[in-house]
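For reference, upload-v5.cif is printed below; it contains mmCIF, N, CA and C atoms.
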data_final
loop_
_atom_site.label_atom_id
_atom_site.label_comp_id
_atom_site.auth_asym_id
_atom_site.auth_seq_id
_atom_site.Cartn_x
_atom_site.Cartn_y
_atom_site.Cartn_z
N MET V 256 1.30 18.30 9.46
CA MET V 256 0.98 17.01 10.06
C MET V 256 0.53 17.29 11.49
N ASN V 257 -0.67 16.82 11.86
CA ASN V 257 -1.14 17.08 13.22
C ASN V 257 -0.44 16.17 14.21
N ALA V 258 -0.56 16.51 15.50
CA ALA V 258 0.19 15.80 16.55
C ALA V 258 -0.17 14.32 16.62
N ALA V 259 -1.46 13.98 16.53
CA ALA V 259 -1.87 12.57 16.62
C ALA V 259 -1.29 11.77 15.45
N ARG V 260 -1.30 12.36 14.29
CA ARG V 260 -0.77 11.69 13.12
C ARG V 260 0.74 11.49 13.23
N ALA V 261 1.44 12.52 13.73
CA ALA V 261 2.88 12.43 13.91
C ALA V 261 3.24 11.36 14.93
N THR V 262 2.47 11.26 16.01
CA THR V 262 2.71 10.25 17.03
C THR V 262 2.49 8.86 16.46
N ALA V 263 1.43 8.68 15.70
CA ALA V 263 1.16 7.38 15.09
C ALA V 263 2.26 7.03 14.10
N TRP V 264 2.71 7.99 13.34
CA TRP V 264 3.77 7.75 12.37
C TRP V 264 5.05 7.36 13.09
N ALA V 265 5.38 8.05 14.19
CA ALA V 265 6.58 7.72 14.97
C ALA V 265 6.49 6.30 15.51
N ALA V 266 5.33 5.89 15.98
CA ALA V 266 5.16 4.53 16.50
C ALA V 266 5.38 3.50 15.39
N CYS V 267 4.88 3.79 14.19
CA CYS V 267 5.08 2.88 13.06
C CYS V 267 6.56 2.77 12.71
N VAL V 268 7.28 3.89 12.75
CA VAL V 268 8.70 3.87 12.43
C VAL V 268 9.44 3.00 13.42
N VAL V 269 9.13 3.14 14.70
CA VAL V 269 9.80 2.34 15.72
C VAL V 269 9.52 0.87 15.52
N VAL V 270 8.27 0.52 15.23
CA VAL V 270 7.92 -0.88 15.01
C VAL V 270 8.63 -1.41 13.77
N ALA V 271 8.69 -0.61 12.73
CA ALA V 271 9.29 -1.06 11.48
C ALA V 271 10.81 -1.16 11.55
N THR V 272 11.45 -0.27 12.30
CA THR V 272 12.91 -0.24 12.29
C THR V 272 13.54 -0.79 13.55
N GLY V 273 12.73 -1.15 14.53
CA GLY V 273 13.28 -1.61 15.81
C GLY V 273 13.44 -0.45 16.76
N THR V 274 13.84 -0.73 17.95
CA THR V 274 14.00 0.30 18.95
C THR V 274 15.21 1.15 18.64
N PRO V 275 15.07 2.49 18.67
CA PRO V 275 16.22 3.34 18.40
C PRO V 275 17.21 3.29 19.56
N ALA V 276 18.43 3.78 19.30
CA ALA V 276 19.42 3.83 20.38
C ALA V 276 18.86 4.59 21.56
N SER V 277 19.09 4.11 22.73
CA SER V 277 18.56 4.75 23.92
C SER V 277 19.24 6.08 24.16
N ALA V 278 18.43 7.12 24.28
CA ALA V 278 18.97 8.44 24.57
C ALA V 278 18.54 8.86 25.96
N ALA V 279 18.11 7.92 26.76
CA ALA V 279 17.52 8.23 28.05
C ALA V 279 18.47 8.94 28.99
N GLU V 280 19.72 8.67 28.94
CA GLU V 280 20.62 9.26 29.92
C GLU V 280 20.90 10.74 29.64
N PRO V 281 21.94 11.09 28.92
CA PRO V 281 22.30 12.50 28.89
C PRO V 281 21.48 13.39 27.96
N PHE V 282 20.88 12.84 26.91
CA PHE V 282 20.28 13.68 25.89
C PHE V 282 18.83 14.07 26.15
N ASP V 283 18.07 13.24 26.85
CA ASP V 283 16.66 13.53 27.08
C ASP V 283 16.46 14.84 27.81
N GLY V 284 15.42 15.58 27.42
CA GLY V 284 15.09 16.80 28.14
C GLY V 284 14.86 17.97 27.22
N ARG V 285 14.75 19.15 27.84
CA ARG V 285 14.55 20.41 27.12
C ARG V 285 15.88 21.15 27.09
N TRP V 286 16.26 21.64 25.91
CA TRP V 286 17.54 22.31 25.69
C TRP V 286 17.32 23.61 24.94
N ALA V 287 18.13 24.63 25.25
CA ALA V 287 18.02 25.92 24.57
C ALA V 287 19.37 26.63 24.59
N PRO V 288 19.55 27.61 23.69
CA PRO V 288 20.82 28.33 23.65
C PRO V 288 21.09 29.13 24.93
N ASP V 289 20.02 29.58 25.58
CA ASP V 289 20.18 30.36 26.81
C ASP V 289 18.92 30.23 27.66
N ALA V 290 18.99 30.73 28.90
CA ALA V 290 17.86 30.60 29.83
C ALA V 290 16.62 31.32 29.32
N GLN V 291 16.78 32.43 28.62
CA GLN V 291 15.64 33.19 28.10
C GLN V 291 14.79 32.33 27.15
N ALA V 292 15.45 31.52 26.33
CA ALA V 292 14.72 30.68 25.38
C ALA V 292 13.93 29.58 26.08
N CYS V 293 14.32 29.22 27.30
CA CYS V 293 13.60 28.20 28.06
C CYS V 293 12.29 28.73 28.64
N ILE V 294 12.18 30.04 28.81
CA ILE V 294 11.08 30.64 29.58
C ILE V 294 9.73 30.50 28.91
N GLY V 295 9.61 30.86 27.65
CA GLY V 295 8.28 30.82 27.06
C GLY V 295 8.28 30.95 25.57
N GLU V 296 7.09 31.05 25.03
CA GLU V 296 6.90 31.07 23.59
C GLU V 296 7.28 32.40 22.95
N ARG V 297 7.49 33.44 23.74
CA ARG V 297 7.85 34.74 23.18
C ARG V 297 9.35 34.86 22.86
N ALA V 298 10.13 33.93 23.33
CA ALA V 298 11.57 33.97 23.08
C ALA V 298 11.84 33.76 21.58
N VAL V 299 12.92 34.36 21.09
CA VAL V 299 13.29 34.23 19.68
C VAL V 299 13.56 32.77 19.33
N ALA V 300 14.35 32.09 20.14
CA ALA V 300 14.64 30.67 19.92
C ALA V 300 13.76 29.84 20.84
N SER V 301 13.21 28.76 20.32
CA SER V 301 12.40 27.88 21.16
C SER V 301 13.26 26.73 21.67
N PRO V 302 12.88 26.15 22.81
CA PRO V 302 13.66 25.01 23.31
C PRO V 302 13.52 23.80 22.39
N LEU V 303 14.55 23.00 22.40
CA LEU V 303 14.56 21.71 21.72
C LEU V 303 14.19 20.67 22.76
N VAL V 304 13.20 19.83 22.47
CA VAL V 304 12.81 18.75 23.37
C VAL V 304 13.27 17.45 22.74
N VAL V 305 14.11 16.72 23.46
CA VAL V 305 14.71 15.49 22.94
C VAL V 305 14.23 14.30 23.76
N ASN V 306 13.82 13.24 23.08
CA ASN V 306 13.62 11.93 23.72
C ASN V 306 14.11 10.88 22.73
N SER V 307 13.98 9.63 23.07
CA SER V 307 14.55 8.58 22.23
C SER V 307 13.86 8.42 20.88
N LEU V 308 12.69 9.03 20.70
CA LEU V 308 11.94 8.89 19.45
C LEU V 308 11.87 10.15 18.61
N THR V 309 11.98 11.32 19.26
CA THR V 309 11.77 12.57 18.54
C THR V 309 12.67 13.69 19.02
N LEU V 310 12.80 14.70 18.17
CA LEU V 310 13.38 16.00 18.51
C LEU V 310 12.32 17.00 18.10
N GLN V 311 11.92 17.89 19.00
CA GLN V 311 10.82 18.81 18.70
C GLN V 311 11.16 20.23 19.10
N TRP V 312 10.82 21.16 18.21
CA TRP V 312 10.89 22.59 18.47
C TRP V 312 9.48 23.12 18.37
N ARG V 313 9.29 24.41 18.60
CA ARG V 313 7.96 25.02 18.53
C ARG V 313 7.35 24.84 17.14
N ASP V 314 8.14 25.02 16.08
CA ASP V 314 7.60 25.01 14.72
C ASP V 314 8.11 23.87 13.85
N ALA V 315 8.80 22.91 14.43
CA ALA V 315 9.36 21.80 13.64
C ALA V 315 9.53 20.57 14.52
N ALA V 316 9.64 19.43 13.87
CA ALA V 316 9.84 18.18 14.61
C ALA V 316 10.58 17.19 13.73
N CYS V 317 11.28 16.27 14.39
CA CYS V 317 11.98 15.19 13.70
C CYS V 317 11.67 13.88 14.39
N VAL V 318 11.48 12.84 13.61
CA VAL V 318 11.29 11.49 14.13
C VAL V 318 12.59 10.73 13.89
N VAL V 319 13.07 10.07 14.92
CA VAL V 319 14.29 9.27 14.81
C VAL V 319 13.95 8.02 14.00
N ARG V 320 14.59 7.87 12.85
CA ARG V 320 14.35 6.69 12.02
C ARG V 320 15.43 5.64 12.25
N THR V 321 16.67 6.08 12.33
CA THR V 321 17.79 5.19 12.63
C THR V 321 18.71 5.94 13.59
N SER V 322 19.44 5.18 14.40
CA SER V 322 20.40 5.85 15.28
C SER V 322 21.40 4.84 15.82
N TYR V 323 22.55 5.38 16.22
CA TYR V 323 23.57 4.57 16.87
C TYR V 323 24.44 5.50 17.69
N ARG V 324 25.15 4.92 18.66
CA ARG V 324 26.02 5.71 19.52
C ARG V 324 27.46 5.28 19.31
N VAL V 325 28.34 6.29 19.23
CA VAL V 325 29.77 6.06 19.11
C VAL V 325 30.47 7.06 20.03
N ARG V 326 31.26 6.54 20.97
CA ARG V 326 32.03 7.37 21.89
C ARG V 326 31.23 8.54 22.47
N GLY V 327 30.05 8.27 22.95
CA GLY V 327 29.26 9.30 23.61
C GLY V 327 28.45 10.19 22.69
N ALA V 328 28.60 10.04 21.38
CA ALA V 328 27.81 10.83 20.44
C ALA V 328 26.64 9.98 19.94
N TRP V 329 25.47 10.60 19.82
CA TRP V 329 24.29 9.92 19.31
C TRP V 329 24.09 10.40 17.87
N HIS V 330 24.29 9.51 16.91
CA HIS V 330 24.14 9.80 15.49
C HIS V 330 22.74 9.36 15.07
N ILE V 331 22.01 10.29 14.47
CA ILE V 331 20.59 10.07 14.16
C ILE V 331 20.33 10.29 12.68
N GLY V 332 19.58 9.40 12.10
CA GLY V 332 19.00 9.60 10.78
C GLY V 332 17.54 9.95 11.04
N ALA V 333 17.14 11.19 10.80
CA ALA V 333 15.81 11.66 11.18
C ALA V 333 14.99 12.08 9.97
N ARG V 334 13.70 11.98 10.13
CA ARG V 334 12.73 12.50 9.15
C ARG V 334 12.15 13.73 9.81
N CYS V 335 12.38 14.90 9.22
CA CYS V 335 11.99 16.16 9.85
C CYS V 335 10.98 16.92 9.00
N TRP V 336 10.12 17.68 9.67
CA TRP V 336 9.18 18.54 8.96
C TRP V 336 9.01 19.83 9.72
N GLY V 337 8.80 20.88 8.96
CA GLY V 337 8.58 22.21 9.49
C GLY V 337 8.47 23.19 8.35
N GLU V 338 7.65 24.20 8.52
CA GLU V 338 7.45 25.23 7.50
C GLU V 338 7.06 24.63 6.16
N GLY V 339 6.28 23.56 6.17
CA GLY V 339 5.79 22.95 4.95
C GLY V 339 6.78 22.07 4.21
N VAL V 340 7.95 21.83 4.80
CA VAL V 340 8.99 21.03 4.15
C VAL V 340 9.23 19.76 4.97
N VAL V 341 9.37 18.64 4.27
CA VAL V 341 9.71 17.36 4.91
C VAL V 341 11.01 16.87 4.27
N SER V 342 11.97 16.46 5.13
CA SER V 342 13.24 15.99 4.59
C SER V 342 13.92 15.03 5.54
N ASN V 343 14.86 14.26 5.01
CA ASN V 343 15.70 13.38 5.82
C ASN V 343 16.92 14.19 6.24
N VAL V 344 17.24 14.14 7.55
CA VAL V 344 18.30 14.98 8.08
C VAL V 344 19.22 14.16 8.97
N PRO V 345 20.54 14.19 8.72
CA PRO V 345 21.47 13.57 9.66
C PRO V 345 21.73 14.54 10.82
N ILE V 346 21.63 14.05 12.03
CA ILE V 346 21.81 14.87 13.24
C ILE V 346 22.77 14.14 14.17
N THR V 347 23.65 14.88 14.83
CA THR V 347 24.50 14.30 15.86
C THR V 347 24.33 15.11 17.14
N LEU V 348 24.08 14.40 18.23
CA LEU V 348 24.02 15.01 19.56
C LEU V 348 25.21 14.52 20.35
N ARG V 349 25.88 15.44 21.04
CA ARG V 349 27.07 15.09 21.81
C ARG V 349 27.09 15.97 23.05
N MET V 350 27.45 15.41 24.17
CA MET V 350 27.57 16.18 25.39
C MET V 350 28.96 16.80 25.48
N ARG V 351 29.01 18.05 25.92
CA ARG V 351 30.27 18.73 26.24
C ARG V 351 30.08 19.29 27.65
N GLY V 352 30.55 18.52 28.62
CA GLY V 352 30.29 18.87 30.02
C GLY V 352 28.80 18.79 30.27
N GLU V 353 28.21 19.89 30.71
CA GLU V 353 26.77 19.96 30.96
C GLU V 353 25.99 20.48 29.75
N HIS V 354 26.68 20.77 28.66
CA HIS V 354 26.04 21.33 27.47
C HIS V 354 25.85 20.26 26.40
N LEU V 355 24.84 20.47 25.58
CA LEU V 355 24.55 19.58 24.46
C LEU V 355 24.99 20.26 23.17
N LEU V 356 25.77 19.56 22.36
CA LEU V 356 26.13 20.05 21.04
C LEU V 356 25.19 19.42 20.02
N LEU V 357 24.48 20.26 19.29
CA LEU V 357 23.55 19.83 18.25
C LEU V 357 24.20 20.12 16.91
N ASP V 358 24.44 19.07 16.13
CA ASP V 358 25.13 19.19 14.85
C ASP V 358 24.22 18.70 13.74
N TRP V 359 23.77 19.61 12.90
CA TRP V 359 22.98 19.29 11.71
C TRP V 359 23.93 19.29 10.53
N ALA V 360 23.71 18.44 9.58
CA ALA V 360 24.56 18.41 8.38
C ALA V 360 24.53 19.77 7.69
N GLY V 361 25.70 20.30 7.44
CA GLY V 361 25.79 21.57 6.71
C GLY V 361 25.63 22.81 7.55
N ALA V 362 25.34 22.68 8.83
CA ALA V 362 25.16 23.85 9.70
C ALA V 362 26.20 23.80 10.81
N PRO V 363 26.61 24.96 11.31
CA PRO V 363 27.55 24.95 12.43
C PRO V 363 26.91 24.30 13.66
N ALA V 364 27.71 23.59 14.44
CA ALA V 364 27.20 22.96 15.67
C ALA V 364 26.70 24.05 16.61
N GLU V 365 25.59 23.75 17.29
CA GLU V 365 25.00 24.70 18.22
C GLU V 365 25.14 24.14 19.64
N GLU V 366 25.61 24.96 20.56
CA GLU V 366 25.76 24.54 21.95
C GLU V 366 24.53 24.96 22.73
N LEU V 367 23.87 23.98 23.36
CA LEU V 367 22.64 24.22 24.10
C LEU V 367 22.83 23.90 25.58
N ARG V 368 22.02 24.56 26.41
CA ARG V 368 22.02 24.31 27.85
C ARG V 368 20.70 23.68 28.25
N ARG V 369 20.75 22.83 29.26
CA ARG V 369 19.52 22.17 29.73
C ARG V 369 18.61 23.21 30.38
N CYS V 370 17.33 23.17 30.04
CA CYS V 370 16.35 24.07 30.65
C CYS V 370 15.98 23.53 32.04
N PRO V 371 15.74 24.45 32.97
CA PRO V 371 15.35 24.00 34.32
C PRO V 371 13.98 23.36 34.33
#
Let's see the structure in the file written out as structure tokens.
Amino acid sequence: MNAARATAWAACVVVATGTPASAAEPFDGRWAPDAQACIGERAVASPLVVNSLTLQWRDAACVVRTSYRVRGAWHIGARCWGEGVVSNVPITLRMRGEHLLLDWAGAPAEELRRCP
């Protein structure tokens, strides 16, 4: 899916489902497991870019379809694509001090640091 098409699709989802839970405060930004991953495209892990509509990595992206906040955690129902696969994925983002915990269903939670 090209970038223009993904953006248009995200806009349609927002219009169809209403405004997603605001993630403007603690979750927005670029996040990575370590400072090296923030530096550039040659790093093994790419940064995660989070905003209220999408979560994006170098080779994958998710559109927020539904979301709600409970006790500081942002619970997301996302439509994700990458490596030729499209699927619905439950995601939870939670702050732990200055770190972001990224929890995908079935995978261990990953602790990320904000990129400068």
Can you measure atom CA of V:Ile331 to atom CA of V:Asp283 for me? One decimal in Å is fine.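 Spanning atom CA of V:Ile331 to atom CA of V:Asp283 is a straight-line distance of 13.9 Å.
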Taking into account only C-alpha atoms, which residue in the set V:Tyr323, V:Ile294, V:Ala364, V:Trp286 is nearest to V:Ser307?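 Going through V:Tyr323, V:Ile294, V:Ala364, V:Trp286 one by one, the smallest distance to V:Ser307 is for V:Tyr323.
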Atom CA of V:Asn343 to atom CA of V:Phe282: how many Å, to one decimal? 20.6 Å
I'd like the contact shell of V:Pro288 - 7 Å cut-off, all atoms listed in the file, skipping same-chain residues fewer than 3 positions apart - returned as a PyMOL selection string. chain V and resi 291-293+300-303+366-368
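Separating atom CA of V:Cys317 from atom CA of V:Ala333 is a distance of 5.8 Å.
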Could I get the residues of stretch 285-332 of chain V with an atom no further than 7 Å from an atom of stretch 350-355 of chain V, each paired with its nearest atom pair and that distance in Å to one decimal, using only N, CA and C atoms, sorted by chain and residue number, as CSV?
residue,atom,partner,partner_atom,distance
V:Gly327,C,V:Met350,N,5.5
V:Ala328,CA,V:Met350,N,5.9
V:Trp329,N,V:Met350,N,6.8
Min atom-atom distance to V:Gly337 from the set V:Cys370, V:Ala360, V:Ala315, V:Ala287, counting only N, CA and C atoms, belongs to V:Ala315
At a cut-off of 6 Å, using all atoms listed in the file, what residues contact V:Val304? Leave out same-chain residues fewer than 5 positions from it and give the result as a PDB file with N, CA and C atoms, keeping the file's coordinate frame.
ATOM      1  N   GLY V 284      15.420  15.580  27.420  1.00  0.00           N
ATOM      2  CA  GLY V 284      15.090  16.800  28.140  1.00  0.00           C
ATOM      3  C   GLY V 284      14.860  17.970  27.220  1.00  0.00           C
ATOM      4  N   ARG V 285      14.750  19.150  27.840  1.00  0.00           N
ATOM      5  CA  ARG V 285      14.550  20.410  27.120  1.00  0.00           C
ATOM      6  C   ARG V 285      15.880  21.150  27.090  1.00  0.00           C
ATOM      7  N   TRP V 286      16.260  21.640  25.910  1.00  0.00           N
ATOM      8  CA  TRP V 286      17.540  22.310  25.690  1.00  0.00           C
ATOM      9  C   TRP V 286      17.320  23.610  24.940  1.00  0.00           C
ATOM     10  N   THR V 309      11.980  11.320  19.260  1.00  0.00           N
ATOM     11  CA  THR V 309      11.770  12.570  18.540  1.00  0.00           C
ATOM     12  C   THR V 309      12.670  13.690  19.020  1.00  0.00           C
ATOM     13  N   LEU V 310      12.800  14.700  18.170  1.00  0.00           N
ATOM     14  CA  LEU V 310      13.380  16.000  18.510  1.00  0.00           C
ATOM     15  C   LEU V 310      12.320  17.000  18.100  1.00  0.00           C
ATOM     16  N   GLN V 311      11.920  17.890  19.000  1.00  0.00           N
ATOM     17  CA  GLN V 311      10.820  18.810  18.700  1.00  0.00           C
ATOM     18  C   GLN V 311      11.160  20.230  19.100  1.00  0.00           C
ATOM     19  N   TRP V 312      10.820  21.160  18.210  1.00  0.00           N
ATOM     20  CA  TRP V 312      10.890  22.590  18.470  1.00  0.00           C
ATOM     21  C   TRP V 312       9.480  23.120  18.370  1.00  0.00           C
TER      22      TRP V 312
END
V:Arg334: which residues within 7 Å, counting only C-alpha atoms, same-chain residues fewer than 4 positions away excluded, as a PyMOL selection string? chain V and resi 317-320+342-344
Residue subset to file, keeping N, CA and C atoms, as a short mmCIF file (atom, residue, chain, number, x, y, z; two decimals), in the coordinates of the input:
data_model
loop_
_atom_site.label_atom_id
_atom_site.label_comp_id
_atom_site.auth_asym_id
_atom_site.auth_seq_id
_atom_site.Cartn_x
_atom_site.Cartn_y
_atom_site.Cartn_z
N CYS V 317 11.28 16.27 14.39
CA CYS V 317 11.98 15.19 13.70
C CYS V 317 11.67 13.88 14.39
N VAL V 318 11.48 12.84 13.61
CA VAL V 318 11.29 11.49 14.13
C VAL V 318 12.59 10.73 13.89
N VAL V 319 13.07 10.07 14.92
CA VAL V 319 14.29 9.27 14.81
C VAL V 319 13.95 8.02 14.00
N ARG V 320 14.59 7.87 12.85
CA ARG V 320 14.35 6.69 12.02
C ARG V 320 15.43 5.64 12.25
N SER V 342 11.97 16.46 5.13
CA SER V 342 13.24 15.99 4.59
C SER V 342 13.92 15.03 5.54
N ASN V 343 14.86 14.26 5.01
CA ASN V 343 15.70 13.38 5.82
C ASN V 343 16.92 14.19 6.24
N VAL V 344 17.24 14.14 7.55
CA VAL V 344 18.30 14.98 8.08
C VAL V 344 19.22 14.16 8.97
#
